[in-house]
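See below for final_15.cif, which holds mmCIF, C-alpha atoms.
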```cif
data_input
loop_
_atom_site.label_atom_id
_atom_site.label_comp_id
_atom_site.auth_asym_id
_atom_site.auth_seq_id
_atom_site.Cartn_x
_atom_site.Cartn_y
_atom_site.Cartn_z
CA MET A 107 2.59 17.65 66.85
CA ARG A 108 0.96 15.73 64.02
CA LEU A 109 3.08 14.10 61.39
CA ARG A 110 2.98 15.77 58.00
CA LEU A 111 4.67 15.70 54.64
CA PRO A 112 7.69 18.01 54.31
CA THR A 113 7.00 21.44 52.84
CA ASP A 114 8.73 22.52 49.62
CA GLU A 115 11.35 24.42 51.64
CA GLU A 116 11.98 21.47 53.96
CA TRP A 117 12.31 19.07 51.03
CA ALA A 118 14.71 21.52 49.34
CA ALA A 119 16.89 21.47 52.48
CA CYS A 120 16.92 17.65 52.45
CA ALA A 121 17.76 17.61 48.73
CA ALA A 122 20.56 20.13 49.27
CA THR A 123 22.14 17.85 51.87
CA LEU A 124 21.97 14.88 49.48
CA SER A 125 23.54 17.04 46.77
CA HIS A 126 26.33 18.20 49.13
CA TYR A 127 27.45 14.59 49.56
CA GLY A 128 26.94 13.72 45.88
CA CYS A 129 24.20 11.20 46.66
CA PRO A 130 21.47 10.34 44.14
CA PRO A 131 18.32 12.45 44.63
CA ASP A 132 16.22 9.29 45.05
CA THR A 133 18.20 8.26 48.16
CA LEU A 134 15.29 9.76 50.10
CA SER A 135 11.73 9.66 48.84
CA ARG A 136 9.66 12.74 49.67
CA GLU A 137 6.49 10.62 49.86
CA ALA A 138 8.13 8.34 52.45
CA LEU A 139 9.13 11.23 54.75
CA ARG A 140 7.13 12.71 57.61
CA VAL A 141 7.98 15.73 59.73
CA ARG A 142 7.12 15.87 63.43
CA GLU A 143 7.16 19.32 64.98
CA GLY A 144 7.89 19.89 68.63
CA ARG A 145 10.80 21.82 70.10
CA TYR A 146 12.45 21.15 66.75
CA ARG A 147 11.42 19.48 63.51
CA GLU A 148 12.35 15.82 63.20
CA VAL A 149 12.26 13.99 59.88
CA PHE A 150 11.30 10.30 59.81
CA SER A 151 10.94 7.82 56.98
CA GLY A 152 8.88 4.66 56.81
CA SER A 153 7.22 2.30 54.39
CA LEU A 154 4.34 3.76 52.41
CA ALA A 155 1.90 1.19 53.85
CA VAL A 156 2.76 2.15 57.45
CA LEU A 157 2.64 5.85 56.60
CA ALA A 158 -0.84 5.48 55.08
CA ALA A 159 -2.07 3.86 58.31
CA VAL A 160 -0.44 6.54 60.46
CA ASP A 161 -1.83 9.35 58.27
CA ALA A 162 -5.34 7.92 58.71
CA CYS A 163 -4.94 7.57 62.49
CA THR A 164 -5.95 10.30 64.91
CA CYS A 165 -3.25 9.34 67.41
CA ILE A 166 0.25 10.79 67.33
CA PRO A 167 3.03 8.17 67.28
CA LEU A 168 6.11 8.86 69.37
CA SER A 169 8.35 7.84 66.49
CA LEU A 170 8.02 6.40 63.05
CA GLY A 171 10.47 4.32 61.07
CA ARG A 172 14.00 5.62 60.92
CA LYS A 173 14.91 9.11 62.06
CA GLU A 174 16.56 10.71 59.05
CA GLY A 175 17.56 13.94 60.75
CA GLU A 176 16.41 17.32 61.99
CA LEU A 177 15.46 20.54 60.29
CA ARG A 178 17.00 23.63 61.86
CA ALA A 179 16.26 27.05 60.34
CA ASP A 180 16.72 26.42 56.61
CA SER A 181 19.11 23.45 56.82
CA PHE A 182 18.77 19.70 57.25
CA LEU A 183 21.08 17.92 59.70
CA PRO A 184 21.25 14.22 58.84
CA SER A 185 21.23 11.63 61.62
CA LEU A 186 23.91 8.99 62.12
CA GLU A 187 21.44 6.45 60.73
CA LEU A 188 21.08 8.42 57.50
CA GLY A 189 24.85 8.86 57.35
CA THR A 190 25.14 5.07 57.29
CA VAL A 191 22.91 5.05 54.19
CA LEU A 192 24.67 7.99 52.50
CA TYR A 193 28.32 6.99 53.01
CA PRO A 194 28.42 4.04 50.56
CA VAL A 195 26.78 6.07 47.75
CA ALA A 196 28.45 9.44 48.41
CA THR A 197 30.61 10.72 45.57
CA ARG A 198 31.69 13.97 47.27
CA ASN A 199 32.66 15.11 50.75
CA ALA A 200 33.36 11.63 52.10
CA VAL A 201 36.65 10.84 53.84
CA ALA A 202 38.09 7.38 54.43
CA LEU A 203 40.46 7.12 57.41
CA ASP A 204 43.10 4.52 58.14
CA ALA A 205 42.63 2.23 61.16
CA PRO A 206 44.54 4.28 63.80
CA ARG A 207 42.76 7.52 62.82
CA ALA A 208 39.40 5.74 62.68
CA THR A 209 39.90 4.62 66.26
CA LEU A 210 40.74 8.18 67.35
CA PHE A 211 37.70 9.53 65.52
CA LEU A 212 35.42 6.98 67.23
CA TYR A 213 36.80 8.14 70.57
CA GLY A 214 35.62 11.68 69.77
CA ARG A 215 39.02 13.02 68.73
CA ASP A 216 39.92 15.21 65.76
CA VAL A 217 42.23 14.10 62.93
CA PHE A 218 45.13 16.31 61.82
CA ARG A 219 45.74 17.33 58.20
CA GLU A 220 48.89 15.19 57.78
CA HIS A 221 46.75 12.05 58.27
CA LEU A 222 44.09 13.05 55.71
CA PRO A 223 43.98 12.71 51.91
CA VAL A 224 45.75 15.46 49.97
CA GLY A 225 43.48 18.06 48.40
CA LEU A 226 40.58 17.64 50.81
CA SER A 227 38.08 20.51 50.43
CA LEU A 228 36.80 22.53 53.36
CA GLY A 229 33.42 21.84 54.96
CA ARG A 230 31.17 19.07 56.27
CA LYS A 231 32.28 15.49 55.63
CA LEU A 232 30.98 11.95 55.95
CA VAL A 233 33.75 10.05 57.74
CA GLY A 234 34.33 6.33 57.39
CA ALA A 235 36.90 3.56 57.42
CA ARG A 236 37.06 0.19 55.66
CA GLY A 237 33.79 0.98 53.88
CA GLU A 238 31.84 1.67 57.09
CA PHE A 239 30.40 5.00 58.17
CA LEU A 240 31.84 6.36 61.43
CA GLY A 241 30.35 9.84 61.81
CA PHE A 242 30.29 13.45 60.65
CA GLY A 243 33.18 15.88 60.66
CA ILE A 244 34.10 19.37 59.48
CA TYR A 245 37.42 19.99 57.78
CA ASN A 246 38.77 23.49 58.44
CA GLY A 247 42.11 23.20 56.62
CA ARG A 248 44.05 22.06 59.69
CA THR A 249 41.93 19.33 61.27
CA LEU A 250 38.95 17.15 60.55
CA ALA A 251 36.91 18.10 63.61
CA ASN A 252 34.61 15.43 64.98
CA ILE A 253 30.99 16.67 65.03
CA ILE A 254 29.44 13.37 66.10
CA ASP A 255 30.43 9.76 65.70
CA LYS A 256 28.91 6.39 66.44
CA GLY A 257 30.94 6.16 69.65
CA ALA A 258 29.07 9.16 71.09
CA TYR A 259 26.18 6.90 72.10
CA VAL A 260 28.50 4.95 74.39
CA ARG A 261 30.40 7.97 75.74
CA GLN A 262 27.25 9.82 76.81
CA PHE A 263 26.64 7.23 79.53
CA GLU A 264 30.16 7.26 81.00
#
```
Could I get this structure in the form of structure tokens?
Amino acid sequence: MRLRLPTDEEWAACAATLSHYGCPPDTLSREALRVREGRYREVFSGSLAVLAAVDACTCIPLSLGRKEGELRADSFLPSLELGTVLYPVATRNAVALDAPRATLFLYGRDVFREHLPVGLSLGRKLVGARGEFLGFGIYNGRTLANIIDKGAYVRQFE
């Protein structure tokens, strides 16, 4: 369970996710990422000074910096924290909702096609409103299905 630099395949998965959302490739720095393996592979980022100290240490930190996401099979699933970084710089696959639909989305609901921009392509989307990131969704042609949103943290304790 030591922290390590991402492999070429893992970095390619991270880069593919950045490309999917039209984000600049330097949004994430490979040198600033560390992978922690356990039941699944978590990707963290931190400052280079902190990473140098952690790399030299024999102990295994429980967490490091910001969790950027998880690696599953050959894909990278970004975290809500990374979505917050990606949404303002995304040039593709980002959807801005109006206030009523944003509220529904934050309550874990799906948004119907008639309330979405015309010509929206199919697939995974960054969802936001008023310039703020709300969560991730998948558009299937009929609805923008809520994958996870920032309200999920609150709902899990209800």
Select from range 182-226 of chain A every residue with an atom at most 9 Å from any atom of range 238-245 of chain A, then for each give the shortest pair of atoms and their distance in Å to one decimal, using all atoms listed in the file, rows by chain and rising number, as a tab-separated table.
```
residue	atom	partner	partner_atom	distance
A:Leu186	CA	A:Gly241	CA	6.5
A:Gly189	CA	A:Phe239	CA	6.8
A:Thr190	CA	A:Phe239	CA	5.3
A:Val191	CA	A:Phe239	CA	8.5
A:Leu192	CA	A:Phe239	CA	8.6
A:Tyr193	CA	A:Phe239	CA	5.9
A:Pro194	CA	A:Glu238	CA	7.7
A:Ala202	CA	A:Glu238	CA	8.9
A:Ala208	CA	A:Leu240	CA	7.7
A:Phe211	CA	A:Leu240	CA	7.8
A:Leu212	CA	A:Leu240	CA	6.8
A:Asp216	CA	A:Gly243	CA	8.5
A:Arg219	CA	A:Tyr245	CA	8.7
A:Leu226	CA	A:Tyr245	CA	8.0
```
query = Using all atoms listed in the file, which residue out of A:Pro112, A:Gly237, A:Gly214, A:Gly225 lies closest to Lys256 in chain A?
reply =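 So, comparing all the options, the nearest one is A:Gly214.
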Could you list the residues chosen by the PyMOL selection byres ((chain A and resi 113-124) around 12) in this structure as a short mmCIF file (atom, residue, chain, number, x, y, z; two decimals) with C-alpha atoms, in the coordinates of the input?
```
data_model
loop_
_atom_site.label_atom_id
_atom_site.label_comp_id
_atom_site.auth_asym_id
_atom_site.auth_seq_id
_atom_site.Cartn_x
_atom_site.Cartn_y
_atom_site.Cartn_z
CA LEU A 109 3.08 14.10 61.39
CA ARG A 110 2.98 15.77 58.00
CA LEU A 111 4.67 15.70 54.64
CA PRO A 112 7.69 18.01 54.31
CA SER A 125 23.54 17.04 46.77
CA HIS A 126 26.33 18.20 49.13
CA TYR A 127 27.45 14.59 49.56
CA GLY A 128 26.94 13.72 45.88
CA CYS A 129 24.20 11.20 46.66
CA PRO A 130 21.47 10.34 44.14
CA PRO A 131 18.32 12.45 44.63
CA ASP A 132 16.22 9.29 45.05
CA THR A 133 18.20 8.26 48.16
CA LEU A 134 15.29 9.76 50.10
CA SER A 135 11.73 9.66 48.84
CA ARG A 136 9.66 12.74 49.67
CA GLU A 137 6.49 10.62 49.86
CA ALA A 138 8.13 8.34 52.45
CA LEU A 139 9.13 11.23 54.75
CA ARG A 140 7.13 12.71 57.61
CA VAL A 141 7.98 15.73 59.73
CA ARG A 142 7.12 15.87 63.43
CA ARG A 147 11.42 19.48 63.51
CA GLU A 148 12.35 15.82 63.20
CA VAL A 149 12.26 13.99 59.88
CA PHE A 150 11.30 10.30 59.81
CA GLU A 174 16.56 10.71 59.05
CA GLY A 175 17.56 13.94 60.75
CA GLU A 176 16.41 17.32 61.99
CA LEU A 177 15.46 20.54 60.29
CA ARG A 178 17.00 23.63 61.86
CA ALA A 179 16.26 27.05 60.34
CA ASP A 180 16.72 26.42 56.61
CA SER A 181 19.11 23.45 56.82
CA PHE A 182 18.77 19.70 57.25
CA LEU A 183 21.08 17.92 59.70
CA PRO A 184 21.25 14.22 58.84
CA SER A 185 21.23 11.63 61.62
CA LEU A 188 21.08 8.42 57.50
CA GLY A 189 24.85 8.86 57.35
CA VAL A 191 22.91 5.05 54.19
CA LEU A 192 24.67 7.99 52.50
CA TYR A 193 28.32 6.99 53.01
CA VAL A 195 26.78 6.07 47.75
CA ALA A 196 28.45 9.44 48.41
CA THR A 197 30.61 10.72 45.57
CA ARG A 198 31.69 13.97 47.27
CA ASN A 199 32.66 15.11 50.75
CA ARG A 230 31.17 19.07 56.27
CA LYS A 231 32.28 15.49 55.63
CA LEU A 232 30.98 11.95 55.95
#
```
message = Distance cut-off 12 Å, centre (36.2, 15.9, 71.8) in file coordinates, counting all atoms listed in the file: which residues qualify? Return them as number ranges by chain.
response = A: 210-217, 243, 250-255, 257-258, 261-262
key: Given all atoms listed in the file as the counted atoms, nearest of A:Pro206, A:Arg236, A:Ser227, A:Arg108 to Ala162 in chain A   =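 Going through A:Pro206, A:Arg236, A:Ser227, A:Arg108 one by one, the smallest distance to Ala162 in chain A is for A:Arg108.
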request  = Tell me, in Å to one decimal, how far CA of Leu228 in chain A is from CA of Arg207 in chain A.
outcome  =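 Answer for the CA of Leu228 in chain A to CA of Arg207 in chain A separation: 18.7 Å.
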Where atoms are lacking, range 168-184 of chain A completed to N, CA and C atoms, as a compact mmCIF listing (two decimals), in the frame of the given file:
```
# COMPACT_ATOMS: atom_id res chain seq x y z
N LEU A 168 4.92 8.26 68.78
CA LEU A 168 6.11 8.86 69.37
C LEU A 168 7.25 8.89 68.36
N SER A 169 7.34 7.86 67.54
CA SER A 169 8.35 7.84 66.49
C SER A 169 7.82 7.00 65.34
N LEU A 170 8.49 7.09 64.24
CA LEU A 170 8.02 6.40 63.05
C LEU A 170 9.22 6.02 62.21
N GLY A 171 9.39 4.74 61.95
CA GLY A 171 10.47 4.32 61.07
C GLY A 171 11.83 4.77 61.56
N ARG A 172 12.63 5.20 60.61
CA ARG A 172 14.00 5.62 60.92
C ARG A 172 14.05 7.14 60.97
N LYS A 173 14.71 7.66 61.99
CA LYS A 173 14.91 9.11 62.06
C LYS A 173 16.00 9.49 61.07
N GLU A 174 15.62 10.31 60.09
CA GLU A 174 16.56 10.71 59.05
C GLU A 174 17.36 11.94 59.43
N GLY A 175 16.83 12.75 60.33
CA GLY A 175 17.56 13.94 60.75
C GLY A 175 16.64 14.98 61.33
N GLU A 176 17.16 16.20 61.42
CA GLU A 176 16.41 17.32 61.99
C GLU A 176 16.53 18.52 61.07
N LEU A 177 15.47 19.30 61.04
CA LEU A 177 15.46 20.54 60.29
C LEU A 177 15.67 21.69 61.26
N ARG A 178 16.71 22.46 61.03
CA ARG A 178 17.00 23.63 61.86
C ARG A 178 17.11 24.83 60.94
N ALA A 179 16.32 25.85 61.20
CA ALA A 179 16.26 27.05 60.34
C ALA A 179 16.00 26.59 58.91
N ASP A 180 16.93 26.83 58.00
CA ASP A 180 16.72 26.42 56.61
C ASP A 180 17.67 25.30 56.19
N SER A 181 18.20 24.54 57.16
CA SER A 181 19.11 23.45 56.82
C SER A 181 18.64 22.13 57.42
N PHE A 182 19.10 21.05 56.83
CA PHE A 182 18.77 19.70 57.25
C PHE A 182 20.02 19.06 57.82
N LEU A 183 19.95 18.59 59.06
CA LEU A 183 21.08 17.92 59.70
C LEU A 183 20.81 16.43 59.72
N PRO A 184 21.52 15.65 58.90
CA PRO A 184 21.25 14.22 58.84
C PRO A 184 21.65 13.51 60.14
```
